[in-house]
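Colleague: Supplied in structure tokens, the structure appears directly below.
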Amino acid sequence: MKRKSKEALLLAKQHKAEDETHEPPPQFLSGLKCHVHPANFGLMRHKVFESHITRYGGELVPSLPECSEGVFHVVFEETVDEEKVKRLVDTARLPNSVFLRCTWLIESIKAKAKAGTQSHLILSMNSVEEQCRGTGESWVQEISWTQVEETEKSHIKDTDVAVTKSESQRNENPDMKDASARTTACSASHEQREDMGSQKSTKETKEDKIVEDEREPEECSRDEALGNKSVLHKWGAGAGEEDHLESLIRPFPKNLQDKFACARPSSSKPVDLNTHITSELSKLAATYKSKNDTWRSVGYERAIAAIRNYSKEITSREEALAIPGIGGRLADKIAEILESGRLRKVAEVCEGEEAETLRLFLGVWGAGPSTAQAWYLQDFRTLDDLRTKATLTRHQQIGLKHYDDINSRIPRSEVAEIEEHVREATLSLVRGAEVMVCGSYRRGKPTCGDVDVLITHPDGQSHELIFRPLLVRLRESGFLTDDLVTQEDNGNQKKYLGVCRLPGEGRKHRRLDVIVVPYQERATALMYFTGSAHFNRSMRLLATKKGMSLSEHSLRAGIVRQGQEKLSDGYMLDTPTEESIFAHLGLEYRPPEERDH
DNA sequence: CAACAGCGAGA
DNA sequence: TCTCGC
DNA sequence: GTTG
Ligand SMILES: O=c1ccn([C@H]2C[C@H](O)[C@@H](COP(=O)(O)OP(=O)(O)OP(=O)(O)O)O2)c(=O)[nH]1
Ligand SMILES: [Mg+2]
């Protein structure tokens with residue numbers, strides 16, 4: 001009973017807070033049955049609108065009945081047109097309902113009174129025939145007063161809505177107190193879509209400007225909340241010694257350093273001795289991720305990685321608890337697995353239609369947890385539903401088209417073939433280029449999720465000549481079949497994400513990532529592209545803790561941070577090889593196979 | 001109670 | 001800005 | 001989820 005919908009809770013709390021400092025919200029929606037259709041709404045925006053329905057006295061209809069004589073106000077995202085509405089709901093079976101753009105709600109909130117529906121109407125079965133035939137039901141009546149506000153468009157900005165949105169967005173943390181959530185939101189600046197109307201509030205939006213009366217007294221004094229922790233001076237720098245690397249890293253306690261995954265080899269051992277545990281926890285991690293519970297999922301994944309690298313078989317709760325990354329709650333779960341062989345929690349949250357559908361939808365490249373949930377809310381259950389009814393981005397269309405291929409693993413041998421294909425094309429363009437496959441392939445995995453190719457050139461310049469011509473060539477030969485991201489510019493580095501297929505019969509489409517990098521950045525780029533993702537995050541975190549910063553471009557020292565933000569960029573360290581990066585960070589070198597965290 | 005990596009692109 | 005991906 |  002602990003958690004449920006934290007976002008909803010948050011919204012409720014915010015409203016409650018407002019109500020304490022203001023007169024109760026006008027109940028101008030009372031008596032109205034309202035449904036917010038999830039189509040094209042972001043998850044958060046959808047929740048925000050739903051919360052407004054109840055806040056202003058409306059009866060929220062969480063899911064629309066298929067067939068009803070009832071009068072429902074169905075609110076759609078502003079870009080949804082009549083065609084789309086008809087595709088999404090069987091309008092003929094809801095003869096008395098009104099289908100409106102969400103601008104109706106926005107305007108109503110702004111006016112603190114029910115706005116006319118006319119100017120926000122997308123479709124109404126009745127109105128098509130004769131506007132005034134309704135049996136004196138609410139919506140029909142409104143139409144008459146519609147004109148009143150009709151002309152008044154929305155120049156409004158619903159900062160109220162906007163703020164709530166960003167607030168909930170940042171606050172994906174499980175049990176975060178709303179106080180801190182609001183504090184965080186204070187610093188958020190907004191420039192929401194024009195059509196997000198507003199009225200009052202403005203909450204935190206611009207504390208520099210209109211400090212709205214209705215702000216919570218305590219909440220937005222975010223000054224102290226955003227205290228300053230200068231991470232740096234804790235170590236070496238505190239002594240104000242030279243800015244040298246050595247002085248920066250040496251004072252770092254070794255026992256602390258051991259807590260970082262990147263400091264230890266990943267179990268290059270044949271198998272995982274605690275599979276029974278990790279497999280169960282993995283299910284939970286994936287499910288939490290699909291539910292947008294990011295940090296809980298991250299917590300699970302870290303623990304899983306820790307268990308994988310634990311050399312012995314875990315036999316007791318105590319033993320588990322001693323492993324860094326495993327706390328009381330996970331230790332309990334492990335204990336349950338140890339004695340019963342299973343976890344009730346898994347059955348509870350991982351099984352069932354919702355979790356399975358979300359997993360299905362997450363397999364669509366370009367669809368993440370938010371989109372998957374939004375689709376589920378729209379009653380989509382199959383890939384065919386997505387194909388025929390959903391609004392798909394270009395990426396998602398491609399992801400759907402190649403759903404099976406993209407979600408199947410690639411044998412090493414085929415990766416090698418693809419590497420050779422790309423190398424050949426590259427070398428035919430520029431002699432002397434270096435082409436290598438990184439990612440899971442370089443880490444020695446037996447199968448790979450995609451092919452990550454890194455290209456550079458020792459002359460330090462030719463890399464610039466490679467990118468476009470290579471893509472053109474591979475495309476002309478029919479090797480590249482779909483482009484996802486054709487050019488991601490990251491400083492001097494360029495990245496391509498797409499889909500390819502080797503010539504010949506019976507070949508699958510494969511995801512291909514190519515980065516072309518300047519020679520000076522080859523080592524950091526190689527580190528990055530070799531991963532694993534977990535390993536990278538661990539190493540980057542360690543770098544941060546040492547007052548440095550590691551990215552695919554460079555390793556920098558002398559970084560000064562205040563909280564998140566960097567006050568000083570520091571200076572770049574020389575990183576000719578991967579070994580040098582480990583050395584700068586005070587770590588023992590790990591070959592790629594040992595970075596598989 | 002804040003942090004949990006550090007990037008760029010598409011809509 | 002939000003969402004997604006590497 | 002766990003950690004400092
Ligand atoms: O969030 C991420 C994802 C990836 N990477 C790096 C590490 C990773 O090894 C490399 C390639 O990414 P990919 O998604 O292909 O991971 P992989 O390690 O190659 O695994 P897979 O077999 O699924 O492709 O990019 C990151 O730094 N952060
Ligand atoms: Mg890969």
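Each chain in the structure tokens gets a letter, A, B and so on, in the order shown; residues start at 1 in every chain, and ligands are counted from 1 in the order they appear.
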With only C-alpha atoms (C1' of nucleotides) considered, list every residue of chain A at most 6 Å from chain D, as a PyMOL selection string.
Modeller: chain A and resi 296+299-300+325
Colleague: Now that the selection is made, can you save its residues with C-alpha atoms as a PDB file, in the first residue's frame?
Modeller:
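Listed below is the output, out-v6.pdb:
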```pdb
ATOM      1  CA  ARG A 296      14.710   2.069  -8.274  1.00  0.00           C
ATOM      2  CA  GLY A 299      19.430   0.485  -7.746  1.00  0.00           C
ATOM      3  CA  TYR A 300      18.428  -3.020  -8.719  1.00  0.00           C
ATOM      4  CA  GLY A 325      24.964  -2.035  -3.335  1.00  0.00           C
TER       5      GLY A 325
END
```
Colleague: Hey, which residues sit close to ligand 1? Say within 9 Å, counting only C-alpha atoms (C1' of nucleotides) and all ligand atoms, and write them as a ChimeraX atom specification.
Modeller: /A:409-410,438-443,445,447-452,511-513,527-537,551-552,596 /B:5-7 /C:5-6
Colleague: So that I have them on file, write out the residues from the current selection with N, CA and C atoms (P, O5', C5', C4', C3', O3' and C1' of nucleotides), as a short mmCIF file (atom, residue, chain, number, x, y, z; two decimals), in the first residue's frame.
Modeller:
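This went into result.cif:
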```cif
data_model
loop_
_atom_site.label_atom_id
_atom_site.label_comp_id
_atom_site.auth_asym_id
_atom_site.auth_seq_id
_atom_site.Cartn_x
_atom_site.Cartn_y
_atom_site.Cartn_z
N ARG A 409 19.52 -11.25 -31.03
CA ARG A 409 20.95 -11.09 -30.80
C ARG A 409 21.74 -11.45 -32.06
N ILE A 410 22.90 -10.87 -32.15
CA ILE A 410 23.75 -11.11 -33.32
C ILE A 410 24.92 -12.00 -32.92
N CYS A 438 33.45 -2.07 -31.30
CA CYS A 438 33.54 -1.94 -29.84
C CYS A 438 32.32 -2.59 -29.20
N GLY A 439 31.78 -1.95 -28.19
CA GLY A 439 30.58 -2.47 -27.55
C GLY A 439 30.79 -3.87 -26.99
N SER A 440 29.68 -4.61 -26.95
CA SER A 440 29.73 -5.94 -26.35
C SER A 440 30.65 -6.88 -27.14
N TYR A 441 30.83 -6.61 -28.41
CA TYR A 441 31.72 -7.46 -29.22
C TYR A 441 33.14 -7.39 -28.68
N ARG A 442 33.59 -6.18 -28.47
CA ARG A 442 34.96 -6.02 -27.99
C ARG A 442 35.11 -6.59 -26.58
N ARG A 443 34.04 -6.59 -25.84
CA ARG A 443 34.11 -7.17 -24.50
C ARG A 443 34.02 -8.68 -24.53
N LYS A 445 31.59 -10.72 -25.72
CA LYS A 445 30.32 -11.42 -25.53
C LYS A 445 30.04 -12.35 -26.72
N THR A 447 27.20 -13.07 -28.09
CA THR A 447 26.25 -12.45 -29.01
C THR A 447 26.14 -10.97 -28.68
N CYS A 448 25.71 -10.21 -29.67
CA CYS A 448 25.66 -8.76 -29.48
C CYS A 448 24.28 -8.21 -29.84
N GLY A 449 23.93 -7.13 -29.19
CA GLY A 449 22.64 -6.50 -29.48
C GLY A 449 22.69 -5.66 -30.73
N ASP A 450 23.85 -5.14 -31.01
CA ASP A 450 24.03 -4.34 -32.21
C ASP A 450 25.50 -4.35 -32.57
N VAL A 451 25.87 -3.57 -33.58
CA VAL A 451 27.27 -3.50 -33.98
C VAL A 451 27.73 -2.07 -33.80
N ASP A 452 28.74 -1.89 -32.97
CA ASP A 452 29.25 -0.54 -32.67
C ASP A 452 30.61 -0.37 -33.30
N ARG A 511 21.02 -3.58 -36.13
CA ARG A 511 21.28 -2.21 -35.71
C ARG A 511 22.76 -1.93 -35.82
N LEU A 512 23.08 -0.80 -36.44
CA LEU A 512 24.48 -0.42 -36.63
C LEU A 512 24.73 0.98 -36.07
N ASP A 513 25.75 1.09 -35.25
CA ASP A 513 26.18 2.40 -34.75
C ASP A 513 27.59 2.65 -35.24
N MET A 527 37.15 3.96 -24.99
CA MET A 527 36.67 3.61 -23.65
C MET A 527 35.14 3.68 -23.62
N TYR A 528 34.67 4.81 -24.08
CA TYR A 528 33.22 5.04 -24.08
C TYR A 528 32.49 3.96 -24.87
N PHE A 529 32.97 3.75 -26.08
CA PHE A 529 32.22 2.89 -26.99
C PHE A 529 32.36 1.41 -26.65
N THR A 530 33.35 1.11 -25.81
CA THR A 530 33.53 -0.28 -25.40
C THR A 530 32.66 -0.61 -24.19
N GLY A 531 32.45 0.37 -23.38
CA GLY A 531 31.55 0.16 -22.24
C GLY A 531 32.09 -0.82 -21.22
N SER A 532 31.21 -1.54 -20.55
CA SER A 532 29.77 -1.45 -20.72
C SER A 532 29.20 -0.11 -20.23
N ALA A 533 27.95 0.07 -20.47
CA ALA A 533 27.31 1.29 -20.00
C ALA A 533 27.50 1.44 -18.49
N HIS A 534 27.33 0.34 -17.77
CA HIS A 534 27.51 0.40 -16.33
C HIS A 534 28.93 0.76 -15.96
N PHE A 535 29.83 0.14 -16.67
CA PHE A 535 31.24 0.42 -16.41
C PHE A 535 31.52 1.90 -16.64
N ASN A 536 31.02 2.43 -17.74
CA ASN A 536 31.24 3.85 -18.04
C ASN A 536 30.70 4.73 -16.93
N ARG A 537 29.50 4.42 -16.50
CA ARG A 537 28.87 5.28 -15.49
C ARG A 537 29.67 5.22 -14.20
N SER A 551 34.49 11.98 -20.41
CA SER A 551 33.47 11.82 -21.44
C SER A 551 34.13 11.12 -22.62
N GLU A 552 33.37 10.96 -23.68
CA GLU A 552 33.93 10.31 -24.86
C GLU A 552 34.96 11.19 -25.56
N ASP A 596 32.72 -5.82 -18.25
CA ASP A 596 31.37 -6.23 -18.61
C ASP A 596 30.42 -6.17 -17.42
P DA B 5 25.10 7.89 -12.72
"O5'" DA B 5 26.14 8.94 -13.31
"C5'" DA B 5 27.52 8.76 -13.08
"C4'" DA B 5 28.33 9.51 -14.13
"C3'" DA B 5 28.02 10.99 -14.25
"O3'" DA B 5 29.21 11.63 -14.63
"C1'" DA B 5 27.35 9.88 -16.26
P DG B 6 29.25 13.22 -14.85
"O5'" DG B 6 29.04 13.32 -16.42
"C5'" DG B 6 30.05 12.81 -17.26
"C4'" DG B 6 29.59 12.96 -18.69
"C3'" DG B 6 29.04 14.37 -19.03
"O3'" DG B 6 29.57 14.72 -20.28
"C1'" DG B 6 27.53 12.73 -19.70
P DC B 7 29.76 16.21 -20.72
"O5'" DC B 7 29.46 16.11 -22.28
"C5'" DC B 7 28.14 16.25 -22.70
"C4'" DC B 7 27.86 15.19 -23.72
"C3'" DC B 7 26.84 15.63 -24.73
"O3'" DC B 7 27.52 16.31 -25.78
"C1'" DC B 7 26.35 13.44 -23.94
P DG C 5 14.54 4.17 -26.65
"O5'" DG C 5 16.04 4.52 -27.07
"C5'" DG C 5 16.30 4.97 -28.39
"C4'" DG C 5 17.76 5.32 -28.52
"C3'" DG C 5 18.67 4.27 -27.89
"O3'" DG C 5 19.46 3.67 -28.89
"C1'" DG C 5 19.28 6.47 -27.18
P DC C 6 20.43 2.48 -28.55
"O5'" DC C 6 21.83 3.20 -28.35
"C5'" DC C 6 22.41 3.94 -29.43
"C4'" DC C 6 23.72 4.53 -28.96
"C3'" DC C 6 24.59 3.53 -28.23
"O3'" DC C 6 25.64 3.13 -29.08
"C1'" DC C 6 24.42 5.60 -27.00
#
```
Colleague: What separation in Å, quoted to one decimal, exists between atom CA of Asp482 of chain A and atom CA of Val499 of chain A?
Modeller: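 About the pair atom CA of Asp482 of chain A and atom CA of Val499 of chain A: they are 5.0 Å apart.
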Colleague: Could you find all residues in segment 373-568 of chain A that DSSP calls alpha helix (DSSP H) from the backbone, and write them as an MDAnalysis selection string?
Modeller: chainID A and resid 373:377 383:389 394:401 403:406 412:429 439:442 463:476 522:530 533:545
Colleague: Identify which of the residues A:Lys508, A:Arg595, A:Lys495, A:Lys289 lies closest to chain C, counting only C-alpha atoms (C1' of nucleotides) when measuring atom-to-atom distances.
Modeller: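 Checking each of A:Lys508, A:Arg595, A:Lys495, A:Lys289 against chain C, counting only C-alpha atoms (C1' of nucleotides), the winner is A:Lys495.
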Colleague: Output as a ChimeraX atom specification the set of chain A residues within 7 Å of chain B, with distances taken over only C-alpha atoms (C1' of nucleotides).
Modeller: /A:488-490,537,540-541,551
Colleague: Using only C-alpha atoms and all ligand atoms, can you tell me which of A:Pro65, A:Gly328, A:Gly444, A:Gly58 comes closest to ligand 2?
Modeller: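 Of the candidates, the smallest distance to ligand 2 is held by A:Gly444.
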Colleague: What does the distance between atom CA of Gly70 of chain A and atom CA of Val85 of chain A come to in Å, to one decimal place?
Modeller: 17.8 Å
Colleague: Give me, as a PyMOL selection string, all polymer residues having an atom no more than 9 Å from segment 258-264 of chain A, counting only C-alpha atoms (C1' of nucleotides) and skipping those fewer than 2 positions away in the same chain.
Modeller: chain A and resi 253-256+266-267+302+305-306+309+324-325+534-539+541-542+587-590+594-595+597
Colleague: Could you please determine the separation between atom CA of Thr278 of chain A and atom CA of Ile307 of chain A in Å, to one decimal place?
Modeller: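 It comes out at 7.1 Å.
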Colleague: Looking only at the backbone, which of the residues in segment 371-591 of chain A does DSSP tag as strand (DSSP E or B), as a VMD selection string?
Modeller: chain A and resid 410 to 411 434 to 437 447 to 448 451 to 456 480 to 490 493 to 500 510 to 516 549 to 550 555 to 557 560 to 562 565 to 568 571 to 572
Colleague: Selected residues, N, CA and C atoms, written as a compact mmCIF listing (two decimals), in the first residue's frame, please.
Modeller:
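Full text of out-v4.txt as output:
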```txt
# COMPACT_ATOMS: atom_id res chain seq x y z
N ILE A 410 22.90 -10.87 -32.15
CA ILE A 410 23.75 -11.11 -33.32
C ILE A 410 24.92 -12.00 -32.92
N PRO A 411 25.12 -13.11 -33.61
CA PRO A 411 26.29 -13.94 -33.31
C PRO A 411 27.58 -13.19 -33.62
N GLU A 434 41.45 3.52 -39.29
CA GLU A 434 41.34 2.40 -38.36
C GLU A 434 39.87 2.14 -38.06
N VAL A 435 39.49 0.91 -38.21
CA VAL A 435 38.10 0.53 -38.03
C VAL A 435 38.03 -0.59 -37.00
N MET A 436 37.28 -0.40 -35.95
CA MET A 436 37.13 -1.51 -35.02
C MET A 436 35.76 -1.54 -34.37
N VAL A 437 35.34 -2.76 -34.10
CA VAL A 437 34.05 -2.94 -33.45
C VAL A 437 34.25 -2.87 -31.94
N THR A 447 27.20 -13.07 -28.09
CA THR A 447 26.25 -12.45 -29.01
C THR A 447 26.14 -10.97 -28.68
N CYS A 448 25.71 -10.21 -29.67
CA CYS A 448 25.66 -8.76 -29.48
C CYS A 448 24.28 -8.21 -29.84
N VAL A 451 25.87 -3.57 -33.58
CA VAL A 451 27.27 -3.50 -33.98
C VAL A 451 27.73 -2.07 -33.80
N ASP A 452 28.74 -1.89 -32.97
CA ASP A 452 29.25 -0.54 -32.67
C ASP A 452 30.61 -0.37 -33.30
N VAL A 453 30.66 0.39 -34.36
CA VAL A 453 31.91 0.54 -35.09
C VAL A 453 32.54 1.89 -34.81
N LEU A 454 33.81 1.86 -34.43
CA LEU A 454 34.56 3.10 -34.22
C LEU A 454 35.56 3.26 -35.35
N ILE A 455 35.59 4.46 -35.91
CA ILE A 455 36.52 4.74 -37.00
C ILE A 455 37.33 5.98 -36.66
N THR A 456 38.63 5.88 -36.89
CA THR A 456 39.48 7.05 -36.69
C THR A 456 40.61 6.99 -37.72
N LEU A 480 23.03 -0.24 -45.90
CA LEU A 480 22.21 0.51 -44.95
C LEU A 480 20.77 0.53 -45.46
N THR A 481 19.87 0.09 -44.62
CA THR A 481 18.48 0.04 -45.06
C THR A 481 17.60 1.13 -44.45
N ASP A 482 17.95 1.57 -43.27
CA ASP A 482 17.17 2.63 -42.62
C ASP A 482 18.09 3.49 -41.79
N ASP A 483 17.84 4.77 -41.81
CA ASP A 483 18.63 5.69 -40.97
C ASP A 483 17.80 6.09 -39.77
N LEU A 484 18.41 6.03 -38.62
CA LEU A 484 17.73 6.52 -37.42
C LEU A 484 18.22 7.92 -37.09
N VAL A 485 19.48 8.00 -36.75
CA VAL A 485 20.09 9.32 -36.54
C VAL A 485 21.24 9.42 -37.52
N THR A 486 21.11 10.28 -38.50
CA THR A 486 22.11 10.29 -39.56
C THR A 486 23.33 11.10 -39.19
N GLN A 487 23.15 12.05 -38.32
CA GLN A 487 24.35 12.76 -37.89
C GLN A 487 24.17 13.33 -36.51
N GLU A 488 24.87 12.74 -35.62
CA GLU A 488 24.90 13.32 -34.30
C GLU A 488 26.26 13.95 -34.14
N ASP A 489 26.28 15.24 -33.99
CA ASP A 489 27.54 15.95 -33.85
C ASP A 489 27.88 16.14 -32.40
N ASN A 490 29.01 15.61 -32.06
CA ASN A 490 29.46 15.72 -30.69
C ASN A 490 30.87 16.25 -30.75
N GLN A 493 33.43 14.68 -32.97
CA GLN A 493 33.00 13.32 -33.25
C GLN A 493 31.65 13.33 -33.98
N LYS A 494 31.48 12.32 -34.81
CA LYS A 494 30.21 12.18 -35.50
C LYS A 494 29.68 10.78 -35.27
N LYS A 495 28.37 10.71 -35.13
CA LYS A 495 27.77 9.40 -34.86
C LYS A 495 26.62 9.12 -35.80
N TYR A 496 26.55 7.89 -36.24
CA TYR A 496 25.44 7.44 -37.08
C TYR A 496 24.74 6.28 -36.39
N LEU A 497 23.43 6.31 -36.37
CA LEU A 497 22.64 5.18 -35.87
C LEU A 497 21.69 4.76 -36.98
N GLY A 498 21.73 3.48 -37.31
CA GLY A 498 20.85 3.04 -38.39
C GLY A 498 20.66 1.55 -38.39
N VAL A 499 20.12 1.09 -39.49
CA VAL A 499 19.85 -0.34 -39.65
C VAL A 499 20.55 -0.81 -40.92
N CYS A 500 21.19 -1.97 -40.84
CA CYS A 500 21.90 -2.49 -42.00
C CYS A 500 21.54 -3.94 -42.24
N ARG A 510 20.12 -5.54 -38.95
CA ARG A 510 20.86 -5.35 -37.71
C ARG A 510 21.04 -3.88 -37.40
N ARG A 511 21.02 -3.58 -36.13
CA ARG A 511 21.28 -2.21 -35.71
C ARG A 511 22.76 -1.93 -35.82
N LEU A 512 23.08 -0.80 -36.44
CA LEU A 512 24.48 -0.42 -36.63
C LEU A 512 24.73 0.98 -36.07
N ASP A 513 25.75 1.09 -35.25
CA ASP A 513 26.18 2.40 -34.75
C ASP A 513 27.59 2.65 -35.24
N VAL A 514 27.79 3.80 -35.80
CA VAL A 514 29.13 4.15 -36.26
C VAL A 514 29.53 5.47 -35.64
N ILE A 515 30.70 5.52 -35.05
CA ILE A 515 31.23 6.83 -34.66
C ILE A 515 32.56 7.04 -35.37
N VAL A 516 32.74 8.26 -35.83
CA VAL A 516 34.00 8.65 -36.45
C VAL A 516 34.60 9.72 -35.58
N SER A 549 36.52 14.89 -14.87
CA SER A 549 35.33 14.65 -15.67
C SER A 549 35.72 13.83 -16.88
N LEU A 550 35.01 12.74 -17.06
CA LEU A 550 35.33 11.84 -18.17
C LEU A 550 34.17 11.78 -19.15
N LEU A 555 39.37 13.35 -20.89
CA LEU A 555 39.40 13.28 -19.44
C LEU A 555 39.96 14.60 -18.95
N ARG A 556 39.22 15.27 -18.10
CA ARG A 556 39.66 16.57 -17.62
C ARG A 556 39.85 16.55 -16.12
N ALA A 557 40.78 17.33 -15.66
CA ALA A 557 41.02 17.45 -14.21
C ALA A 557 40.83 18.92 -13.82
N VAL A 560 35.73 22.19 -11.11
CA VAL A 560 35.11 22.68 -9.89
C VAL A 560 33.60 22.63 -10.08
N ARG A 561 32.97 21.93 -9.17
CA ARG A 561 31.52 21.81 -9.28
C ARG A 561 30.85 22.40 -8.07
N GLN A 562 29.66 22.91 -8.34
CA GLN A 562 28.79 23.27 -7.23
C GLN A 562 27.51 22.50 -7.45
N GLU A 565 26.33 21.64 -11.28
CA GLU A 565 26.90 22.48 -12.32
C GLU A 565 28.40 22.68 -12.16
N LYS A 566 29.04 22.70 -13.31
CA LYS A 566 30.48 22.88 -13.32
C LYS A 566 30.79 24.37 -13.32
N LEU A 567 31.61 24.76 -12.39
CA LEU A 567 32.00 26.18 -12.35
C LEU A 567 33.27 26.40 -13.15
N SER A 568 34.03 25.34 -13.27
CA SER A 568 35.27 25.46 -14.03
C SER A 568 35.43 24.23 -14.91
N TYR A 571 41.11 21.33 -17.02
CA TYR A 571 42.01 21.24 -18.16
C TYR A 571 42.10 19.80 -18.62
N MET A 572 42.40 19.64 -19.86
CA MET A 572 42.40 18.32 -20.46
C MET A 572 43.68 17.56 -20.13
```
Colleague: Which one is closest to ligand 2: A:Trp375, A:Asp81, A:Ile406, A:Asp574? Count only C-alpha atoms and all ligand atoms.
Modeller: A:Ile406
